[in-house]
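J.: Provided herewith: entry-v5.cif, mmCIF, C-alpha atoms.
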```cif
data_input
loop_
_atom_site.label_atom_id
_atom_site.label_comp_id
_atom_site.auth_asym_id
_atom_site.auth_seq_id
_atom_site.Cartn_x
_atom_site.Cartn_y
_atom_site.Cartn_z
CA MET A 1 5.43 2.46 -19.47
CA ASN A 2 2.56 -0.03 -19.71
CA GLU A 3 -1.12 0.89 -19.89
CA GLU A 4 -1.97 -0.28 -16.35
CA LEU A 5 0.80 1.77 -14.74
CA GLN A 6 -0.28 4.84 -16.69
CA ARG A 7 -3.85 4.26 -15.50
CA LEU A 8 -2.62 4.13 -11.88
CA LEU A 9 -0.58 7.31 -12.31
CA ASP A 10 -3.67 9.01 -13.76
CA LEU A 11 -5.62 7.95 -10.65
CA LEU A 12 -2.98 9.60 -8.46
CA ASP A 13 -3.06 12.82 -10.47
CA LEU A 14 -5.94 14.35 -8.52
CA GLU A 15 -8.09 17.19 -9.81
CA ARG A 16 -7.80 20.31 -7.69
CA ILE A 17 -11.30 21.73 -7.25
CA GLU A 18 -10.48 24.35 -4.57
CA GLN A 19 -7.32 25.41 -2.75
CA ASP A 20 -7.44 22.48 -0.30
CA TYR A 21 -10.02 20.26 -1.99
CA PHE A 22 -9.16 17.54 -4.50
CA ARG A 23 -11.19 15.02 -6.46
CA GLY A 24 -10.09 11.52 -7.42
CA GLN A 25 -11.56 8.68 -9.43
CA SER A 26 -11.41 4.93 -8.73
CA GLN A 27 -10.66 1.81 -10.68
CA SER A 28 -12.33 -1.58 -10.42
CA ALA A 29 -10.87 -3.92 -7.80
CA LEU A 30 -11.03 -7.65 -7.11
CA VAL A 31 -13.82 -6.98 -4.62
CA PRO A 32 -16.82 -4.62 -5.14
CA ARG A 33 -15.31 -1.70 -3.19
CA VAL A 34 -12.54 0.83 -3.59
CA PHE A 35 -9.09 -0.67 -2.92
CA GLY A 36 -7.78 0.71 0.37
CA GLY A 37 -4.28 1.31 -0.98
CA GLN A 38 -5.73 3.55 -3.67
CA VAL A 39 -7.56 5.77 -1.15
CA ALA A 40 -4.49 5.99 1.09
CA ALA A 41 -2.23 6.90 -1.83
CA GLN A 42 -4.66 9.51 -3.17
CA ALA A 43 -5.07 11.06 0.28
CA LEU A 44 -1.29 11.32 0.60
CA VAL A 45 -1.13 12.99 -2.83
CA ALA A 46 -3.73 15.53 -1.66
CA ALA A 47 -1.79 16.25 1.54
CA GLY A 48 1.53 16.51 -0.29
CA ARG A 49 0.21 19.07 -2.76
CA THR A 50 -0.38 21.53 0.07
CA VAL A 51 3.08 21.15 1.64
CA PRO A 52 5.95 23.64 1.18
CA GLU A 53 8.61 22.57 -1.32
CA GLY A 54 11.52 20.59 0.10
CA ARG A 55 9.55 18.70 2.75
CA ASP A 56 9.11 14.97 2.21
CA ALA A 57 6.60 12.62 3.81
CA HIS A 58 8.03 10.81 6.82
CA SER A 59 4.88 9.22 8.32
CA LEU A 60 1.19 8.61 7.86
CA HIS A 61 -1.55 7.25 10.11
CA ALA A 62 -4.92 6.33 8.64
CA TYR A 63 -8.31 4.80 9.41
CA PHE A 64 -10.63 3.15 6.92
CA LEU A 65 -14.11 4.25 8.01
CA ARG A 66 -16.57 3.07 5.35
CA THR A 67 -16.55 0.95 2.21
CA GLY A 68 -15.74 3.09 -0.83
CA ASP A 69 -17.97 3.09 -3.91
CA PRO A 70 -15.80 2.46 -7.01
CA GLY A 71 -18.42 4.03 -9.26
CA ALA A 72 -18.34 7.47 -7.63
CA PRO A 73 -15.61 10.13 -7.30
CA ILE A 74 -13.91 10.74 -3.96
CA VAL A 75 -13.40 14.24 -2.60
CA TYR A 76 -10.31 14.81 -0.42
CA GLU A 77 -10.52 17.68 2.08
CA VAL A 78 -7.11 18.81 3.38
CA ASP A 79 -6.76 20.54 6.75
CA ARG A 80 -3.49 22.46 7.19
CA ILE A 81 -2.85 21.53 10.80
CA ARG A 82 0.65 22.99 11.20
CA ASP A 83 3.58 24.47 9.28
CA GLY A 84 6.58 24.51 11.60
CA ARG A 85 10.25 25.28 10.97
CA SER A 86 11.08 21.62 10.29
CA PHE A 87 7.78 19.71 10.15
CA THR A 88 4.46 20.13 8.35
CA THR A 89 1.31 18.27 9.42
CA ARG A 90 -1.77 17.68 7.33
CA ARG A 91 -5.10 15.96 7.98
CA VAL A 92 -7.13 14.60 5.07
CA VAL A 93 -10.72 13.34 5.05
CA ALA A 94 -11.94 11.37 2.03
CA VAL A 95 -15.66 11.91 1.39
CA GLN A 96 -18.14 10.00 -0.77
CA HIS A 97 -21.90 10.53 -0.97
CA GLY A 98 -21.60 13.15 1.77
CA LYS A 99 -19.95 10.80 4.31
CA PRO A 100 -16.30 10.31 5.34
CA ILE A 101 -14.90 6.97 4.19
CA PHE A 102 -11.23 7.46 5.16
CA HIS A 103 -9.15 9.64 7.47
CA LEU A 104 -5.42 10.33 7.13
CA SER A 105 -2.90 12.27 9.17
CA ALA A 106 0.48 12.78 7.49
CA SER A 107 3.69 14.53 8.54
CA PHE A 108 6.39 15.98 6.30
CA GLN A 109 9.92 17.06 7.21
CA ALA A 110 12.66 19.20 5.73
CA TYR A 111 15.85 17.15 5.28
CA GLU A 112 18.35 17.22 8.13
CA GLU A 113 21.38 15.22 9.26
CA GLY A 114 21.05 12.94 12.28
CA MET A 115 22.03 9.68 13.98
CA GLU A 116 21.93 6.58 11.78
CA HIS A 117 21.22 2.91 12.44
CA GLN A 118 18.82 0.33 11.03
CA ALA A 119 17.64 -3.27 11.31
CA GLU A 120 19.55 -5.59 9.02
CA MET A 121 17.82 -6.72 5.85
CA PRO A 122 16.71 -10.39 6.06
CA PRO A 123 17.90 -12.89 3.44
CA ALA A 124 15.78 -13.14 0.29
CA PRO A 125 16.32 -14.56 -3.20
CA ASP A 126 17.00 -12.36 -6.22
CA PRO A 127 13.63 -10.97 -7.42
CA GLU A 128 14.48 -11.77 -11.03
CA SER A 129 14.64 -15.46 -10.09
CA LEU A 130 10.98 -15.47 -8.92
CA PRO A 131 7.87 -15.99 -11.07
CA THR A 132 5.80 -13.03 -12.21
CA ALA A 133 2.08 -12.84 -11.42
CA ALA A 134 1.27 -14.01 -14.94
CA GLU A 135 3.50 -17.06 -14.46
CA MET A 136 2.39 -17.88 -10.89
CA LEU A 137 -1.36 -17.27 -10.70
CA PRO A 138 -2.53 -19.90 -13.25
CA ARG A 139 -0.94 -22.58 -11.05
CA TYR A 140 -3.56 -21.91 -8.37
CA ALA A 141 -6.64 -21.38 -10.55
CA ALA A 142 -8.37 -24.43 -9.06
CA ASN A 143 -8.23 -22.85 -5.57
CA PHE A 144 -10.40 -19.86 -6.49
CA ARG A 145 -14.18 -19.76 -6.29
CA ASP A 146 -14.33 -17.94 -9.62
CA PRO A 147 -11.96 -19.19 -12.34
CA GLY A 148 -12.04 -15.72 -13.92
CA VAL A 149 -10.31 -14.23 -10.90
CA VAL A 150 -6.93 -15.26 -12.28
CA ASP A 151 -7.22 -12.93 -15.26
CA ARG A 152 -8.57 -10.15 -13.03
CA MET A 153 -5.69 -10.56 -10.58
CA ILE A 154 -3.12 -10.50 -13.38
CA LYS A 155 -4.71 -7.31 -14.69
CA ALA A 156 -4.77 -5.81 -11.17
CA ARG A 157 -1.04 -6.55 -10.89
CA GLY A 158 -0.33 -4.91 -14.24
CA ALA A 159 0.87 -1.60 -12.78
CA VAL A 160 3.17 -3.25 -10.26
CA ASP A 161 5.51 -6.20 -10.72
CA LEU A 162 4.92 -8.11 -7.45
CA ARG A 163 6.69 -11.43 -6.88
CA TYR A 164 6.18 -13.78 -3.92
CA VAL A 165 9.25 -15.41 -2.38
CA ASP A 166 7.13 -18.38 -1.19
CA ALA A 167 3.65 -19.54 -2.16
CA PRO A 168 0.93 -16.97 -1.36
CA PRO A 169 -1.94 -17.86 1.02
CA TYR A 170 -4.19 -19.01 -1.84
CA GLY A 171 -1.45 -21.41 -2.93
CA THR A 172 -1.41 -23.45 0.30
CA VAL A 173 -5.04 -23.47 1.43
CA GLY A 174 -5.55 -25.68 4.48
CA GLU A 175 -1.86 -25.70 5.40
CA ALA A 176 -0.96 -23.58 8.43
CA ARG A 177 2.46 -21.97 8.06
CA GLU A 178 4.71 -19.58 9.94
CA PRO A 179 3.03 -16.14 9.90
CA ARG A 180 5.68 -14.56 7.68
CA SER A 181 5.64 -13.53 4.04
CA GLN A 182 8.03 -11.82 1.66
CA VAL A 183 7.36 -10.18 -1.69
CA TRP A 184 9.52 -8.12 -4.01
CA PHE A 185 7.81 -5.29 -5.86
CA ARG A 186 8.47 -2.37 -8.20
CA ALA A 187 6.44 -0.18 -10.53
CA ASN A 188 6.11 -1.75 -13.97
CA GLY A 189 7.85 1.14 -15.72
CA LYS A 190 10.07 4.15 -15.19
CA LEU A 191 8.72 6.95 -12.95
CA ASP A 192 9.76 10.58 -12.77
CA ASP A 193 11.89 11.82 -9.89
CA ASP A 194 9.16 13.38 -7.69
CA PRO A 195 9.74 11.86 -4.19
CA LEU A 196 6.03 12.18 -3.35
CA LEU A 197 5.11 9.95 -6.31
CA HIS A 198 7.44 7.17 -5.12
CA VAL A 199 6.10 7.39 -1.57
CA CYS A 200 2.51 7.25 -2.85
CA LEU A 201 3.24 4.23 -5.09
CA ALA A 202 4.72 2.39 -2.10
CA THR A 203 1.67 3.35 -0.02
CA TYR A 204 -0.60 1.91 -2.73
CA VAL A 205 1.29 -1.41 -2.80
CA SER A 206 1.60 -1.65 0.98
CA ASP A 207 -2.10 -2.55 1.30
CA MET A 208 -1.93 -5.44 -1.17
CA THR A 209 -0.29 -8.20 0.87
CA LEU A 210 0.27 -7.07 4.47
CA LEU A 211 -2.44 -9.29 5.97
CA ASP A 212 -1.17 -12.37 4.10
CA SER A 213 0.84 -13.42 7.14
CA VAL A 214 -2.35 -13.48 9.25
CA LEU A 215 -3.92 -15.89 6.75
CA LEU A 216 -0.82 -18.11 6.57
CA ALA A 217 -0.93 -18.77 10.31
CA HIS A 218 -4.36 -20.37 9.92
CA GLY A 219 -4.09 -22.02 6.51
CA ARG A 220 -6.63 -19.64 5.00
CA GLY A 221 -6.52 -18.74 1.33
CA GLY A 222 -8.00 -15.27 1.52
CA TRP A 223 -10.66 -13.08 0.00
CA THR A 224 -10.46 -14.54 -3.51
CA VAL A 225 -10.68 -18.10 -2.19
CA GLY A 226 -13.67 -17.21 -0.02
CA ASP A 227 -12.59 -18.82 3.25
CA VAL A 228 -12.29 -15.47 5.04
CA VAL A 229 -13.96 -12.07 4.81
CA GLY A 230 -12.23 -8.91 5.87
CA ALA A 231 -11.13 -5.35 5.29
CA SER A 232 -8.40 -2.96 6.40
CA LEU A 233 -9.13 -1.05 9.61
CA ASP A 234 -6.11 1.18 10.07
CA HIS A 235 -2.73 1.67 8.47
CA ALA A 236 0.50 3.38 9.52
CA MET A 237 3.75 3.95 7.64
CA TRP A 238 7.09 5.58 8.45
CA PHE A 239 9.38 6.59 5.59
CA HIS A 240 12.96 6.38 6.84
CA ARG A 241 15.20 6.82 3.79
CA PRO A 242 14.85 7.85 0.14
CA PHE A 243 13.92 5.10 -2.31
CA ARG A 244 12.54 4.64 -5.79
CA ALA A 245 9.33 2.68 -6.31
CA ASP A 246 10.45 1.75 -9.84
CA GLU A 247 13.39 -0.20 -8.40
CA TRP A 248 13.08 -3.50 -6.52
CA LEU A 249 11.86 -3.25 -2.91
CA LEU A 250 11.64 -6.19 -0.49
CA TYR A 251 8.43 -6.25 1.59
CA ASP A 252 9.21 -8.41 4.64
CA GLN A 253 5.94 -9.06 6.52
CA GLU A 254 4.81 -10.89 9.65
CA SER A 255 1.81 -11.17 11.93
CA PRO A 256 2.43 -11.09 15.68
CA SER A 257 -1.24 -11.46 16.65
CA ALA A 258 -4.80 -12.25 15.61
CA SER A 259 -7.77 -12.07 17.99
CA GLY A 260 -11.30 -10.73 18.29
CA GLY A 261 -11.94 -10.99 14.55
CA ARG A 262 -8.90 -8.79 13.82
CA GLY A 263 -5.43 -9.56 12.54
CA LEU A 264 -2.28 -7.45 12.85
CA GLY A 265 0.40 -7.27 10.18
CA GLN A 266 3.73 -5.49 10.50
CA ALA A 267 6.48 -5.14 7.94
CA ARG A 268 9.70 -3.52 6.81
CA ILE A 269 10.48 -2.50 3.26
CA TYR A 270 14.10 -2.57 2.09
CA THR A 271 15.84 -1.38 -1.04
CA GLN A 272 17.66 -4.07 -3.01
CA ASP A 273 21.01 -2.87 -1.64
CA GLY A 274 19.80 -3.37 1.96
CA ARG A 275 18.67 0.09 3.14
CA LEU A 276 15.61 0.13 5.40
CA ALA A 277 13.24 2.47 3.57
CA ILE A 278 9.81 2.03 5.23
CA SER A 279 8.14 0.48 8.28
CA VAL A 280 4.47 -0.50 8.04
CA ILE A 281 1.78 -1.66 10.49
CA GLN A 282 -1.82 -2.52 9.63
CA GLU A 283 -4.77 -4.08 11.44
CA GLY A 284 -7.68 -5.55 9.56
CA VAL A 285 -10.93 -7.42 10.09
CA VAL A 286 -10.29 -11.10 9.37
CA ARG A 287 -13.36 -13.28 9.92
CA VAL A 288 -14.25 -16.83 9.00
CA PRO A 289 -17.59 -16.66 7.11
CA ARG A 290 -20.54 -18.40 8.72
#
```
As structure tokens, what does this structure read like?
T.:
Amino acid sequence: MNEELQRLLDLLDLERIEQDYFRGQSQSALVPRVFGGQVAAQALVAAGRTVPEGRDAHSLHAYFLRTGDPGAPIVYEVDRIRDGRSFTTRRVVAVQHGKPIFHLSASFQAYEEGMEHQAEMPPAPDPESLPTAAEMLPRYAANFRDPGVVDRMIKARGAVDLRYVDAPPYGTVGEAREPRSQVWFRANGKLDDDPLLHVCLATYVSDMTLLDSVLLAHGRGGWTVGDVVGASLDHAMWFHRPFRADEWLLYDQESPSASGGRGLGQARIYTQDGRLAISVIQEGVVRVPR
């Protein structure tokens, strides 16, 4: 296991300060705020640690309320909304400097048999045939406002091997494209078998690229290029089938709409053998700077 993945796992290993109160730390991000995927993953960890054994996360719904301060700890307050015969519901509020910065509702379910069908996995190349972040990012160094961002992005991708099927938004600045994007991803090392850990790793990654398809539709390069400003507003995920976050997952993303300074991204995440594992929807602020 590499150093960056271990650092991420340490971030997800929250300190329990009371029965339903947890404390988490942050790591530096590409922008001067806490990365939204980190807060969502930590909140899901906090919720999951209060759930009866044998119940796995099947959905989450979250709102990003305020910008997080990466230099201060985050306290996660868990509210035990309901423990039913099949489902458990938890509400989590993330607090910094005495104010809520994030709100999560999550539901967990005991396994049961049921009807089965799924959307077919779209075609995609073998992930091993695609360039790694370290191989791809230097190609686009001239497109970034700050040349040092390449090294920071490579470091930020150290915990997760994330590979674009086509050029990312910052690779085709000024060229409007179909609002679709695909990436393969997996943890950069072997994880233990705890299902909650794999769900939380996928939650962390899900916030990295989901709004890319919004940018592609308008030929915008993104936050690191500086031709848009934005932030996540809300985020929802449904976990359909078991998966491992240390095995390849295809993140198939599209944007059906952008309006009013907001962009909507929706996606499906498939295992390499074609099982639909997760559905994701996110809306974010996407503004052209004045």
J.: Since I can't run it myself right now, could you work out what the PyMOL selection byres ((chain A and resi 271) around 7) selects here and report it as JSON, numbers by chain?
T.: {"A": [243, 248, 249, 250, 269, 270, 272, 273, 274, 275, 276, 277]}
J.: Here is a test: counting all atoms listed in the file, which residue of A:Ala119, A:Ala57, A:Ala267, A:Ala134 is nearest to Pro242 (chain A)?
T.: A:Ala57
J.: Please provide as an MDAnalysis selection string all residues within 12 Å of Gln6 (chain A), with the sequence filter that same-chain residues fewer than 2 positions apart are discarded (counting all atoms listed in the file).
T.: chainID A and resid 1:4 8:13 158:160 187:191
J.: Could you write out as an mmCIF file with C-alpha atoms, keeping the file's coordinate frame the residues that the PyMOL selection byres ((chain A and resi 144) around 12) matches in the shown file?
T.:
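part-v9.cif, written as the output of this step:
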```cif
data_model
loop_
_atom_site.group_PDB
_atom_site.id
_atom_site.type_symbol
_atom_site.label_atom_id
_atom_site.label_comp_id
_atom_site.auth_asym_id
_atom_site.auth_seq_id
_atom_site.Cartn_x
_atom_site.Cartn_y
_atom_site.Cartn_z
ATOM 1 C CA LEU A 137 -1.360 -17.270 -10.700
ATOM 2 C CA PRO A 138 -2.530 -19.900 -13.250
ATOM 3 C CA ARG A 139 -0.940 -22.580 -11.050
ATOM 4 C CA TYR A 140 -3.560 -21.910 -8.370
ATOM 5 C CA ALA A 141 -6.640 -21.380 -10.550
ATOM 6 C CA ALA A 142 -8.370 -24.430 -9.060
ATOM 7 C CA ASN A 143 -8.230 -22.850 -5.570
ATOM 8 C CA ARG A 145 -14.180 -19.760 -6.290
ATOM 9 C CA ASP A 146 -14.330 -17.940 -9.620
ATOM 10 C CA PRO A 147 -11.960 -19.190 -12.340
ATOM 11 C CA GLY A 148 -12.040 -15.720 -13.920
ATOM 12 C CA VAL A 149 -10.310 -14.230 -10.900
ATOM 13 C CA VAL A 150 -6.930 -15.260 -12.280
ATOM 14 C CA ASP A 151 -7.220 -12.930 -15.260
ATOM 15 C CA ARG A 152 -8.570 -10.150 -13.030
ATOM 16 C CA MET A 153 -5.690 -10.560 -10.580
ATOM 17 C CA PRO A 169 -1.940 -17.860 1.020
ATOM 18 C CA TYR A 170 -4.190 -19.010 -1.840
ATOM 19 C CA GLY A 171 -1.450 -21.410 -2.930
ATOM 20 C CA THR A 172 -1.410 -23.450 0.300
ATOM 21 C CA VAL A 173 -5.040 -23.470 1.430
ATOM 22 C CA GLY A 221 -6.520 -18.740 1.330
ATOM 23 C CA GLY A 222 -8.000 -15.270 1.520
ATOM 24 C CA TRP A 223 -10.660 -13.080 0.000
ATOM 25 C CA THR A 224 -10.460 -14.540 -3.510
ATOM 26 C CA VAL A 225 -10.680 -18.100 -2.190
ATOM 27 C CA GLY A 226 -13.670 -17.210 -0.020
ATOM 28 C CA ASP A 227 -12.590 -18.820 3.250
#
```
J.: Using all atoms listed in the file, which protein or nucleic acid residues come within 12 Å of Asp194 (chain A)? Drop anything in the same chain fewer than 5 positions from it, and give the result as a list in words.
T.: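 My list of contacting residues is Val45, Gly48, Arg49, Glu53, Gly54, Arg55, Asp56, Ala57, Val199, Cys200, Leu201, Pro242, Phe243, Arg244, Ala245 and Asp246 of chain A.
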J.: Would you export the selected residues with C-alpha atoms as a JSON list (two decimals), in the coordinates of the input, please?
T.:
```json
[["chain", "number", "residue", "atom", "x", "y", "z"],
["A", 45, "VAL", "CA", -1.13, 12.99, -2.83],
["A", 48, "GLY", "CA", 1.53, 16.51, -0.29],
["A", 49, "ARG", "CA", 0.21, 19.07, -2.76],
["A", 53, "GLU", "CA", 8.61, 22.57, -1.32],
["A", 54, "GLY", "CA", 11.52, 20.59, 0.10],
["A", 55, "ARG", "CA", 9.55, 18.70, 2.75],
["A", 56, "ASP", "CA", 9.11, 14.97, 2.21],
["A", 57, "ALA", "CA", 6.60, 12.62, 3.81],
["A", 199, "VAL", "CA", 6.10, 7.39, -1.57],
["A", 200, "CYS", "CA", 2.51, 7.25, -2.85],
["A", 201, "LEU", "CA", 3.24, 4.23, -5.09],
["A", 242, "PRO", "CA", 14.85, 7.85, 0.14],
["A", 243, "PHE", "CA", 13.92, 5.10, -2.31],
["A", 244, "ARG", "CA", 12.54, 4.64, -5.79],
["A", 245, "ALA", "CA", 9.33, 2.68, -6.31],
["A", 246, "ASP", "CA", 10.45, 1.75, -9.84]]
```
J.: Care to translate the PyMOL selection byres ((chain A and resi 68) around 9) into actual residues of this file, as a VMD selection string?
T.: chain A and resid 32 to 36 39 66 to 67 69 to 72 74 96 101 to 102
J.: Please, what distance in Å, to one decimal, runs between CA of Tyr21 (chain A) and CA of Pro195 (chain A)?
T.: 21.6 Å
J.: Of the residues A:Thr132, A:Gln266, A:Ser279, A:Thr50, which is the one nearest to Leu210 (chain A), using all atoms listed in the file?
T.: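 Of the candidates, the smallest distance to Leu210 (chain A) is held by A:Gln266.
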J.: What does the distance from CA of Asp207 (chain A) to CA of Met136 (chain A) come to in Å, to one decimal?
T.: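 Distance between the two atoms: 20.1 Å.
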J.: With a distance cut-off of 7 Å and all atoms listed in the file, select the neighbouring residues of region 81-87 of chain A, excluding the residue or stretch itself and same-chain residues fewer than 4 positions from it, and output the selection as an mmCIF file with C-alpha atoms, keeping the file's coordinate frame.
T.:
```cif
data_model
loop_
_atom_site.group_PDB
_atom_site.id
_atom_site.type_symbol
_atom_site.label_atom_id
_atom_site.label_comp_id
_atom_site.auth_asym_id
_atom_site.auth_seq_id
_atom_site.Cartn_x
_atom_site.Cartn_y
_atom_site.Cartn_z
ATOM 1 C CA ARG A 91 -5.100 15.960 7.980
ATOM 2 C CA SER A 107 3.690 14.530 8.540
ATOM 3 C CA PHE A 108 6.390 15.980 6.300
ATOM 4 C CA GLN A 109 9.920 17.060 7.210
ATOM 5 C CA ALA A 110 12.660 19.200 5.730
#
```
J.: Fix up region 81-104 of chain A with N, CA and C atoms, then write it as a PDB file, in the frame of the given file.
T.:
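Okay, this is what ended up in rebuild_5.pdb:
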```
ATOM      1  N   ILE A  81      -2.946  21.534   9.339  1.00  0.00           N
ATOM      2  CA  ILE A  81      -2.850  21.530  10.800  1.00  0.00           C
ATOM      3  C   ILE A  81      -1.712  22.402  11.304  1.00  0.00           C
ATOM      4  N   ARG A  82      -0.517  22.254  10.677  1.00  0.00           N
ATOM      5  CA  ARG A  82       0.650  22.990  11.200  1.00  0.00           C
ATOM      6  C   ARG A  82       1.734  23.088  10.144  1.00  0.00           C
ATOM      7  N   ASP A  83       2.369  24.248  10.075  1.00  0.00           N
ATOM      8  CA  ASP A  83       3.580  24.470   9.280  1.00  0.00           C
ATOM      9  C   ASP A  83       4.647  24.997  10.218  1.00  0.00           C
ATOM     10  N   GLY A  84       5.506  24.107  10.701  1.00  0.00           N
ATOM     11  CA  GLY A  84       6.580  24.510  11.600  1.00  0.00           C
ATOM     12  C   GLY A  84       7.876  24.761  10.852  1.00  0.00           C
ATOM     13  N   ARG A  85       8.954  25.002  11.597  1.00  0.00           N
ATOM     14  CA  ARG A  85      10.250  25.280  10.970  1.00  0.00           C
ATOM     15  C   ARG A  85      10.824  24.038  10.300  1.00  0.00           C
ATOM     16  N   SER A  86      10.537  22.854  10.858  1.00  0.00           N
ATOM     17  CA  SER A  86      11.080  21.620  10.290  1.00  0.00           C
ATOM     18  C   SER A  86       9.997  20.657   9.805  1.00  0.00           C
ATOM     19  N   PHE A  87       8.829  20.695  10.444  1.00  0.00           N
ATOM     20  CA  PHE A  87       7.780  19.710  10.150  1.00  0.00           C
ATOM     21  C   PHE A  87       6.493  20.399   9.692  1.00  0.00           C
ATOM     22  N   THR A  88       5.784  19.711   8.824  1.00  0.00           N
ATOM     23  CA  THR A  88       4.460  20.130   8.350  1.00  0.00           C
ATOM     24  C   THR A  88       3.498  18.979   8.584  1.00  0.00           C
ATOM     25  N   THR A  89       2.321  19.286   9.139  1.00  0.00           N
ATOM     26  CA  THR A  89       1.310  18.270   9.420  1.00  0.00           C
ATOM     27  C   THR A  89       0.036  18.577   8.655  1.00  0.00           C
ATOM     28  N   ARG A  90      -0.526  17.538   8.056  1.00  0.00           N
ATOM     29  CA  ARG A  90      -1.770  17.680   7.330  1.00  0.00           C
ATOM     30  C   ARG A  90      -2.749  16.579   7.757  1.00  0.00           C
ATOM     31  N   ARG A  91      -4.030  16.931   7.751  1.00  0.00           N
ATOM     32  CA  ARG A  91      -5.100  15.960   7.980  1.00  0.00           C
ATOM     33  C   ARG A  91      -5.971  15.944   6.726  1.00  0.00           C
ATOM     34  N   VAL A  92      -6.328  14.741   6.287  1.00  0.00           N
ATOM     35  CA  VAL A  92      -7.130  14.600   5.070  1.00  0.00           C
ATOM     36  C   VAL A  92      -8.337  13.710   5.379  1.00  0.00           C
ATOM     37  N   VAL A  93      -9.512  14.144   4.955  1.00  0.00           N
ATOM     38  CA  VAL A  93     -10.720  13.340   5.050  1.00  0.00           C
ATOM     39  C   VAL A  93     -11.204  13.054   3.630  1.00  0.00           C
ATOM     40  N   ALA A  94     -11.399  11.772   3.322  1.00  0.00           N
ATOM     41  CA  ALA A  94     -11.940  11.370   2.030  1.00  0.00           C
ATOM     42  C   ALA A  94     -13.450  11.203   2.166  1.00  0.00           C
ATOM     43  N   VAL A  95     -14.202  11.863   1.284  1.00  0.00           N
ATOM     44  CA  VAL A  95     -15.660  11.910   1.390  1.00  0.00           C
ATOM     45  C   VAL A  95     -16.295  11.356   0.123  1.00  0.00           C
ATOM     46  N   GLN A  96     -17.313  10.517   0.317  1.00  0.00           N
ATOM     47  CA  GLN A  96     -18.140  10.000  -0.770  1.00  0.00           C
ATOM     48  C   GLN A  96     -19.589  10.034  -0.359  1.00  0.00           C
ATOM     49  N   HIS A  97     -20.464  10.470  -1.240  1.00  0.00           N
ATOM     50  CA  HIS A  97     -21.900  10.530  -0.970  1.00  0.00           C
ATOM     51  C   HIS A  97     -22.186  11.268   0.341  1.00  0.00           C
ATOM     52  N   GLY A  98     -21.381  12.305   0.601  1.00  0.00           N
ATOM     53  CA  GLY A  98     -21.600  13.150   1.770  1.00  0.00           C
ATOM     54  C   GLY A  98     -21.113  12.579   3.086  1.00  0.00           C
ATOM     55  N   LYS A  99     -20.419  11.421   3.066  1.00  0.00           N
ATOM     56  CA  LYS A  99     -19.950  10.800   4.310  1.00  0.00           C
ATOM     57  C   LYS A  99     -18.451  10.502   4.226  1.00  0.00           C
ATOM     58  N   PRO A 100     -17.734  10.641   5.347  1.00  0.00           N
ATOM     59  CA  PRO A 100     -16.300  10.310   5.340  1.00  0.00           C
ATOM     60  C   PRO A 100     -16.099   8.796   5.223  1.00  0.00           C
ATOM     61  N   ILE A 101     -15.213   8.395   4.341  1.00  0.00           N
ATOM     62  CA  ILE A 101     -14.900   6.970   4.190  1.00  0.00           C
ATOM     63  C   ILE A 101     -13.480   6.652   4.663  1.00  0.00           C
ATOM     64  N   PHE A 102     -12.648   7.689   4.852  1.00  0.00           N
ATOM     65  CA  PHE A 102     -11.230   7.460   5.160  1.00  0.00           C
ATOM     66  C   PHE A 102     -10.679   8.719   5.803  1.00  0.00           C
ATOM     67  N   HIS A 103      -9.778   8.526   6.764  1.00  0.00           N
ATOM     68  CA  HIS A 103      -9.150   9.640   7.470  1.00  0.00           C
ATOM     69  C   HIS A 103      -7.646   9.412   7.511  1.00  0.00           C
ATOM     70  N   LEU A 104      -6.881  10.438   7.166  1.00  0.00           N
ATOM     71  CA  LEU A 104      -5.420  10.330   7.130  1.00  0.00           C
ATOM     72  C   LEU A 104      -4.788  11.506   7.850  1.00  0.00           C
TER      73      LEU A 104
END
```
